[in-house]
$ cat structure19.cif   # mmCIF, C-alpha atoms
data_protein
loop_
_atom_site.label_atom_id
_atom_site.label_comp_id
_atom_site.auth_asym_id
_atom_site.auth_seq_id
_atom_site.Cartn_x
_atom_site.Cartn_y
_atom_site.Cartn_z
CA MET A 1 71.17 107.22 169.64
CA ALA A 2 70.67 103.47 169.68
CA THR A 3 71.10 103.30 173.43
CA GLN A 4 68.65 106.18 173.91
CA LYS A 5 66.03 104.44 171.72
CA SER A 6 66.44 101.16 173.58
CA ALA A 7 66.07 102.95 176.92
CA THR A 8 62.88 104.67 175.80
CA THR A 9 61.41 101.44 174.46
CA GLN A 10 62.26 99.51 177.60
CA LYS A 11 60.61 101.99 179.98
CA PRO A 12 56.99 101.27 178.97
CA ARG A 13 57.67 97.55 179.15
CA GLY A 14 59.08 97.92 182.64
CA LYS A 15 56.07 99.96 183.72
CA SER A 16 53.59 97.47 182.28
CA LEU A 17 55.26 94.45 183.90
CA PRO A 18 53.60 94.93 187.33
CA VAL A 19 50.23 95.35 185.63
CA HIS A 20 50.71 92.10 183.72
CA LEU A 21 51.76 90.33 186.91
CA VAL A 22 48.67 91.56 188.75
CA LEU A 23 46.41 90.57 185.86
CA GLY A 24 48.03 87.16 185.68
CA PHE A 25 47.57 86.65 189.42
CA VAL A 26 43.91 87.70 189.29
CA GLY A 27 43.31 85.44 186.29
CA ALA A 28 44.91 82.50 188.09
CA VAL A 29 42.81 83.13 191.20
CA MET A 30 39.66 83.02 189.05
CA ALA A 31 40.64 80.18 186.73
CA VAL A 32 42.22 77.69 189.17
CA PRO A 33 39.03 76.97 191.18
CA LEU A 34 37.08 76.50 187.95
CA LEU A 35 39.66 74.09 186.52
CA TYR A 36 39.76 72.24 189.83
CA ALA A 37 35.98 71.80 189.76
CA VAL A 38 36.06 70.55 186.15
CA VAL A 39 38.79 67.98 186.85
CA SER A 40 37.19 66.90 190.14
CA GLY A 41 33.97 66.17 188.27
CA PHE A 42 35.80 63.49 186.27
CA LYS A 43 36.87 61.63 189.42
CA SER A 44 35.09 59.22 191.66
CA THR A 45 34.40 60.33 195.21
CA ASP A 46 36.90 57.82 196.61
CA GLU A 47 39.63 59.01 194.29
CA LEU A 48 38.78 62.64 195.06
CA SER A 49 39.35 61.99 198.75
CA ARG A 50 42.62 60.16 198.07
CA ASN A 51 43.91 62.45 195.33
CA PRO A 52 42.20 65.84 195.61
CA ILE A 53 44.72 67.81 193.51
CA GLY A 54 46.16 65.56 190.80
CA LEU A 55 44.61 64.39 187.54
CA PRO A 56 42.21 61.44 187.75
CA ASP A 57 43.59 57.94 187.21
CA SER A 58 40.52 57.01 185.21
CA TRP A 59 38.26 59.72 183.79
CA VAL A 60 34.72 59.11 185.06
CA THR A 61 32.49 60.71 182.42
CA SER A 62 29.32 59.26 183.93
CA ASN A 63 29.20 62.12 186.44
CA TYR A 64 28.58 64.57 183.61
CA THR A 65 26.59 62.36 181.25
CA GLY A 66 24.27 61.27 184.05
CA ILE A 67 23.33 64.88 184.77
CA LEU A 68 22.98 65.80 181.09
CA GLY A 69 20.71 62.80 180.58
CA SER A 70 18.44 63.90 183.42
CA GLY A 71 15.26 65.71 182.46
CA ALA A 72 15.28 67.61 185.76
CA PHE A 73 18.48 69.45 184.82
CA TRP A 74 17.06 70.60 181.49
CA GLN A 75 13.85 71.68 183.20
CA LEU A 76 15.87 73.85 185.57
CA LEU A 77 17.81 75.24 182.63
CA GLY A 78 14.61 76.10 180.77
CA SER A 79 13.06 77.78 183.81
CA SER A 80 16.15 79.91 184.39
CA THR A 81 16.22 80.90 180.71
CA VAL A 82 12.55 81.91 180.62
CA ILE A 83 12.85 83.95 183.82
CA ALA A 84 16.12 85.62 182.73
CA VAL A 85 14.76 86.57 179.30
CA GLY A 86 11.47 87.85 180.72
CA THR A 87 13.27 89.92 183.35
CA THR A 88 15.66 91.38 180.78
CA VAL A 89 12.91 92.37 178.34
CA ILE A 90 10.89 94.17 181.03
CA VAL A 91 13.77 95.92 182.77
CA VAL A 92 15.36 97.13 179.52
CA ALA A 93 12.09 98.33 178.00
CA VAL A 94 10.91 100.21 181.09
CA SER A 95 14.35 101.60 181.92
CA ALA A 96 14.90 102.84 178.37
CA LEU A 97 11.67 104.86 178.46
CA ALA A 98 12.41 106.21 181.94
CA ALA A 99 16.01 107.09 181.07
CA PHE A 100 14.82 108.84 177.91
CA SER A 101 12.48 111.01 179.98
CA PHE A 102 15.16 111.81 182.55
CA ALA A 103 17.76 112.60 179.88
CA ARG A 104 15.84 114.50 177.19
CA PHE A 105 12.94 116.23 178.97
CA ALA A 106 13.11 119.08 181.48
CA PHE A 107 10.22 118.95 183.96
CA ARG A 108 9.70 120.00 187.55
CA GLY A 109 11.06 117.50 190.06
CA ARG A 110 13.09 115.58 187.50
CA GLU A 111 16.27 115.41 189.57
CA VAL A 112 14.35 114.59 192.74
CA LEU A 113 12.58 111.72 191.02
CA PHE A 114 15.85 110.49 189.54
CA THR A 115 17.42 110.60 193.01
CA VAL A 116 14.57 108.44 194.29
CA PHE A 117 15.40 105.86 191.63
CA THR A 118 19.10 105.93 192.47
CA MET A 119 18.29 105.38 196.15
CA GLY A 120 17.00 101.96 195.10
CA LEU A 121 20.64 100.88 194.80
CA MET A 122 20.98 101.19 198.58
CA PHE A 123 17.83 99.18 199.34
CA PRO A 124 18.72 95.58 200.31
CA PHE A 125 16.46 92.85 199.03
CA ALA A 126 16.41 91.04 202.38
CA VAL A 127 14.52 93.95 203.94
CA ALA A 128 11.73 93.60 201.39
CA ALA A 129 11.49 89.80 201.56
CA LEU A 130 8.54 89.56 203.95
CA PRO A 131 6.45 92.43 202.47
CA LEU A 132 7.19 91.14 198.98
CA PHE A 133 6.10 87.62 199.91
CA LEU A 134 2.81 88.91 201.36
CA LEU A 135 2.22 91.07 198.28
CA LEU A 136 2.88 88.22 195.86
CA ARG A 137 0.62 85.93 197.88
CA SER A 138 -2.22 88.47 197.80
CA MET A 139 -1.79 88.82 194.02
CA GLY A 140 -1.70 85.06 193.47
CA LEU A 141 1.82 85.14 192.01
CA LEU A 142 3.41 82.47 194.20
CA ASP A 143 4.59 79.45 192.16
CA ASN A 144 4.25 81.72 189.14
CA PRO A 145 7.26 82.87 187.05
CA LEU A 146 5.86 86.41 187.08
CA GLY A 147 6.37 86.40 190.83
CA VAL A 148 10.12 86.29 190.17
CA ILE A 149 10.28 88.23 186.89
CA LEU A 150 8.47 91.37 188.09
CA PRO A 151 10.41 91.86 191.38
CA GLN A 152 13.72 91.15 189.63
CA ALA A 153 12.86 93.75 187.00
CA ALA A 154 11.89 96.26 189.71
CA PHE A 155 15.17 95.79 191.58
CA GLY A 156 17.10 96.04 188.31
CA LEU A 157 15.58 99.39 187.32
CA PRO A 158 17.90 101.76 189.29
CA MET A 159 21.20 100.57 187.83
CA THR A 160 19.77 100.23 184.32
CA ILE A 161 18.26 103.71 184.36
CA ILE A 162 21.53 105.24 185.57
CA ILE A 163 23.52 103.59 182.77
CA LEU A 164 21.04 104.43 179.99
CA ARG A 165 20.47 107.99 181.17
CA GLY A 166 24.18 108.72 181.04
CA PHE A 167 24.33 107.35 177.50
CA PHE A 168 21.20 109.17 176.27
CA ARG A 169 22.51 112.50 177.56
CA GLN A 170 25.56 112.13 175.32
CA ILE A 171 23.43 112.18 172.16
CA PRO A 172 23.76 115.65 170.58
CA GLY A 173 20.71 117.87 170.84
CA GLU A 174 21.14 118.95 167.22
CA LEU A 175 20.27 115.42 166.16
CA GLU A 176 16.96 115.62 167.99
CA GLU A 177 16.24 119.05 166.50
CA ALA A 178 16.88 117.73 162.99
CA ALA A 179 14.55 114.79 163.62
CA THR A 180 11.85 117.16 164.91
CA LEU A 181 12.16 119.35 161.82
CA ASP A 182 11.67 116.24 159.71
CA GLY A 183 8.33 115.66 161.46
CA CYS A 184 9.53 113.07 163.98
CA SER A 185 7.65 112.96 167.28
CA PRO A 186 9.53 112.55 170.60
CA PHE A 187 8.64 108.87 170.71
CA GLY A 188 9.58 108.53 167.04
CA PHE A 189 12.99 110.03 167.80
CA PHE A 190 13.35 107.62 170.72
CA TRP A 191 12.38 104.58 168.66
CA ARG A 192 13.97 105.35 165.30
CA VAL A 193 17.09 107.30 166.24
CA LEU A 194 17.98 106.99 169.91
CA LEU A 195 17.56 103.24 170.41
CA PRO A 196 19.64 102.23 167.34
CA MET A 197 22.42 104.55 168.51
CA ALA A 198 22.21 103.13 172.03
CA ARG A 199 22.79 99.51 171.06
CA PRO A 200 26.08 99.25 173.03
CA ALA A 201 24.43 100.54 176.20
CA LEU A 202 21.36 98.35 175.67
CA GLY A 203 23.64 95.35 175.22
CA THR A 204 25.45 96.20 178.44
CA VAL A 205 22.33 96.44 180.59
CA SER A 206 20.91 93.31 178.94
CA VAL A 207 24.00 91.29 179.88
CA LEU A 208 23.87 92.59 183.45
CA ALA A 209 20.16 91.76 183.74
CA VAL A 210 20.60 88.22 182.40
CA VAL A 211 23.56 87.41 184.65
CA THR A 212 21.86 88.89 187.73
CA SER A 213 18.68 86.92 187.08
CA TRP A 214 20.60 83.71 186.37
CA ASN A 215 22.48 83.90 189.66
CA ASN A 216 19.51 84.92 191.80
CA PHE A 217 18.84 82.34 194.47
CA PHE A 218 16.85 83.91 197.30
CA LEU A 219 13.88 85.26 195.31
CA PRO A 220 13.07 82.01 193.42
CA LEU A 221 13.46 80.13 196.70
CA LEU A 222 10.96 82.54 198.27
CA VAL A 223 8.42 82.31 195.47
CA PHE A 224 8.55 78.71 194.26
CA THR A 225 7.41 75.87 196.46
CA ASP A 226 6.64 73.61 193.51
CA SER A 227 9.66 72.20 191.67
CA THR A 228 8.11 72.98 188.28
CA TRP A 229 9.69 76.44 188.09
CA TRP A 230 12.83 75.88 190.13
CA THR A 231 15.88 77.61 188.70
CA ILE A 232 19.49 76.51 188.40
CA PRO A 233 20.69 77.93 191.77
CA ILE A 234 17.89 76.11 193.60
CA GLY A 235 18.70 72.96 191.64
CA VAL A 236 22.32 73.18 192.76
CA GLN A 237 21.24 73.39 196.39
CA GLN A 238 18.82 70.48 196.06
CA PHE A 239 21.37 68.34 194.22
CA GLN A 240 24.01 69.07 196.83
CA GLY A 241 21.62 68.06 199.59
CA GLN A 242 20.63 64.88 197.76
CA TYR A 243 24.19 63.78 196.95
CA THR A 244 26.00 65.04 200.03
CA THR A 245 28.38 62.06 200.07
CA GLU A 246 28.92 62.10 196.28
CA THR A 247 31.29 65.07 196.14
CA ALA A 248 32.48 64.37 192.60
CA LYS A 249 28.91 64.44 191.26
CA VAL A 250 28.32 67.73 193.05
CA PHE A 251 31.39 69.21 191.33
CA ALA A 252 30.10 68.00 187.96
CA TYR A 253 26.69 69.54 188.62
CA LEU A 254 28.26 72.86 189.63
CA VAL A 255 30.33 72.97 186.44
CA LEU A 256 27.35 72.20 184.20
CA ALA A 257 25.29 74.83 186.03
CA MET A 258 27.96 77.45 185.31
CA VAL A 259 28.44 76.59 181.64
CA PRO A 260 25.38 78.47 180.23
CA ALA A 261 26.20 81.69 182.10
CA LEU A 262 29.88 81.50 181.15
CA ALA A 263 29.02 80.80 177.51
CA PHE A 264 26.60 83.72 177.37
CA TYR A 265 29.11 86.05 179.01
CA SER A 266 31.91 85.00 176.66
CA VAL A 267 29.69 85.77 173.65
CA ALA A 268 28.45 89.10 175.06
CA GLU A 269 31.78 90.23 176.57
CA ARG A 270 32.68 92.55 173.71
CA GLN A 271 29.22 94.12 173.81
CA LEU A 272 29.49 94.60 177.57
CA VAL A 273 32.91 96.27 177.43
CA GLY A 274 31.89 98.40 174.45
CA GLY A 275 28.79 99.64 176.24
CA LEU A 276 30.68 100.52 179.41
CA THR A 277 33.29 102.52 177.49
CA ALA A 278 30.90 104.12 174.97
CA GLY A 279 29.70 106.79 177.36
CA ALA A 280 33.26 107.87 178.15
CA THR A 281 34.33 108.16 174.51
CA LYS A 282 31.18 109.69 173.08
CA GLY A 283 30.54 113.39 172.72
#
$ encode --input "structure19.cif" --output "structure tokens"
Amino acid sequence: MATQKSATTQKPRGKSLPVHLVLGFVGAVMAVPLLYAVVSGFKSTDELSRNPIGLPDSWVTSNYTGILGSGAFWQLLGSSTVIAVGTTVIVVAVSALAAFSFARFAFRGREVLFTVFTMGLMFPFAVAALPLFLLLRSMGLLDNPLGVILPQAAFGLPMTIIILRGFFRQIPGELEEAATLDGCSPFGFFWRVLLPMARPALGTVSVLAVVTSWNNFFLPLLVFTDSTWWTIPIGVQQFQGQYTTETAKVFAYLVLAMVPALAFYSVAERQLVGGLTAGATKG
């Protein structure tokens, strides 16, 4: 009996070993470049060329402190934050209302209209660059944060609507009937009942919208000619061009540019995973 128990307990461990090895390999592939960039930022450029892999002989903290003491870096950080928050608020608010209509109302052409929204996932942004630039120029939105916020929100609608619609359809119809009998209007049900229950899904789409906006490079580059509203990705490009020969400073700037996004993702990771799995476990 003892040998049979040990054999049964060892089988799952043997099966999970390849999974753990794959996860460890993927984690190393993702973590090693980040650690290399962090350590390289504490070196001088001469030492980085002589000793690109090992630890620094003397830790040069001025690469990081010089960037943190620069007002330009904090201006870029503030611009990226304002644009990311504005984009997230608009895309989540509009997508929640649209997903509610697609999920809870039956009207003619509903599936056709929903298919039109889903086709937006296959529309590359590069194709719309020139028409979008001309449209923003005619509306006077160049060098204006709304010129980035509104297009980002528009391109974020398809994925957000798909996620929220799937979640809203899992809410039992009996709950809506009970709210209607209590005198709750459709919008009242959406605001008082549906949105509080959809917090995991709302958290998921909010995280996706913030990260997508934070990493967007091409659209801010297209819209902003004045450095007042430059975002972090543009700042990284400009810093790299300015300090081409100072490789260690470039590494330090890259690390500091990644820190806010990594910190936000680490805080919102549980919400993101919970929202992605909520639709599969609900019902």
$ resolve_selection --input "structure19.cif" --expression "the PyMOL selection byres ((chain A and resi 144) around 10)" --output "number ranges by chain"
A: 136, 140-143, 145-149, 220, 223-226, 228-229
$ write_last_selection --input "structure19.cif" --atoms "C-alpha atoms" --output "PDB file, keeping the file's coordinate frame"
ATOM      1  CA  LEU A 136       2.880  88.220 195.860  1.00  0.00           C
ATOM      2  CA  GLY A 140      -1.700  85.060 193.470  1.00  0.00           C
ATOM      3  CA  LEU A 141       1.820  85.140 192.010  1.00  0.00           C
ATOM      4  CA  LEU A 142       3.410  82.470 194.200  1.00  0.00           C
ATOM      5  CA  ASP A 143       4.590  79.450 192.160  1.00  0.00           C
ATOM      6  CA  PRO A 145       7.260  82.870 187.050  1.00  0.00           C
ATOM      7  CA  LEU A 146       5.860  86.410 187.080  1.00  0.00           C
ATOM      8  CA  GLY A 147       6.370  86.400 190.830  1.00  0.00           C
ATOM      9  CA  VAL A 148      10.120  86.290 190.170  1.00  0.00           C
ATOM     10  CA  ILE A 149      10.280  88.230 186.890  1.00  0.00           C
ATOM     11  CA  PRO A 220      13.070  82.010 193.420  1.00  0.00           C
ATOM     12  CA  VAL A 223       8.420  82.310 195.470  1.00  0.00           C
ATOM     13  CA  PHE A 224       8.550  78.710 194.260  1.00  0.00           C
ATOM     14  CA  THR A 225       7.410  75.870 196.460  1.00  0.00           C
ATOM     15  CA  ASP A 226       6.640  73.610 193.510  1.00  0.00           C
ATOM     16  CA  THR A 228       8.110  72.980 188.280  1.00  0.00           C
ATOM     17  CA  TRP A 229       9.690  76.440 188.090  1.00  0.00           C
TER      18      TRP A 229
END
$ residues_around --input "structure19.cif" --residues "Ala72 in chain A" --least-positions-apart "6" --cutoff "12 Å" --atoms "all atoms listed in the file" --output "number ranges by chain"
A: 66, 78-79, 227-232, 234-236, 238-239, 253
$ atom_distance --input "structure19.cif" --atom1 "CA of Tyr64 in chain A" --atom2 "CA of Phe42 in chain A"
7.8 Å
$ atom_distance --input "structure19.cif" --atom1 "CA of Ile83 in chain A" --atom2 "CA of Val207 in chain A"
13.9 Å
$ resolve_selection --input "structure19.cif" --expression "the PyMOL selection byres ((chain A and resi 63) around 12)" --output "PyMOL selection string"
chain A and resi 38-45+59-62+64-70+243+246-256
$ residues_around --input "structure19.cif" --residues "Ser213 in chain A" --least-positions-apart "6" --cutoff "12 Å" --atoms "all atoms listed in the file" --output "list of chain:residue names"
A:Ser79, A:Ser80, A:Thr81, A:Val82, A:Ile83, A:Ala84, A:Val85, A:Gly86, A:Thr87, A:Thr88, A:Val89, A:Val91, A:Val148, A:Ile149, A:Leu150, A:Pro151, A:Gln152, A:Ala153, A:Ala154, A:Phe155, A:Gly156, A:Ser206, A:Val207, A:Leu219, A:Pro220, A:Thr231, A:Ile232, A:Pro233, A:Ala261
$ residues_around --input "structure19.cif" --residues "Pro186 in chain A" --least-positions-apart "6" --cutoff "9 Å" --atoms "all atoms listed in the file" --output "number ranges by chain"
A: 176, 179-180
$ residues_around --input "structure19.cif" --residues "range 103-106 of chain A" --least-positions-apart "5" --cutoff "10 Å" --atoms "only C-alpha atoms" --output "PyMOL selection string"
chain A and resi 97-98+111+161+164-171+173+176+186+190
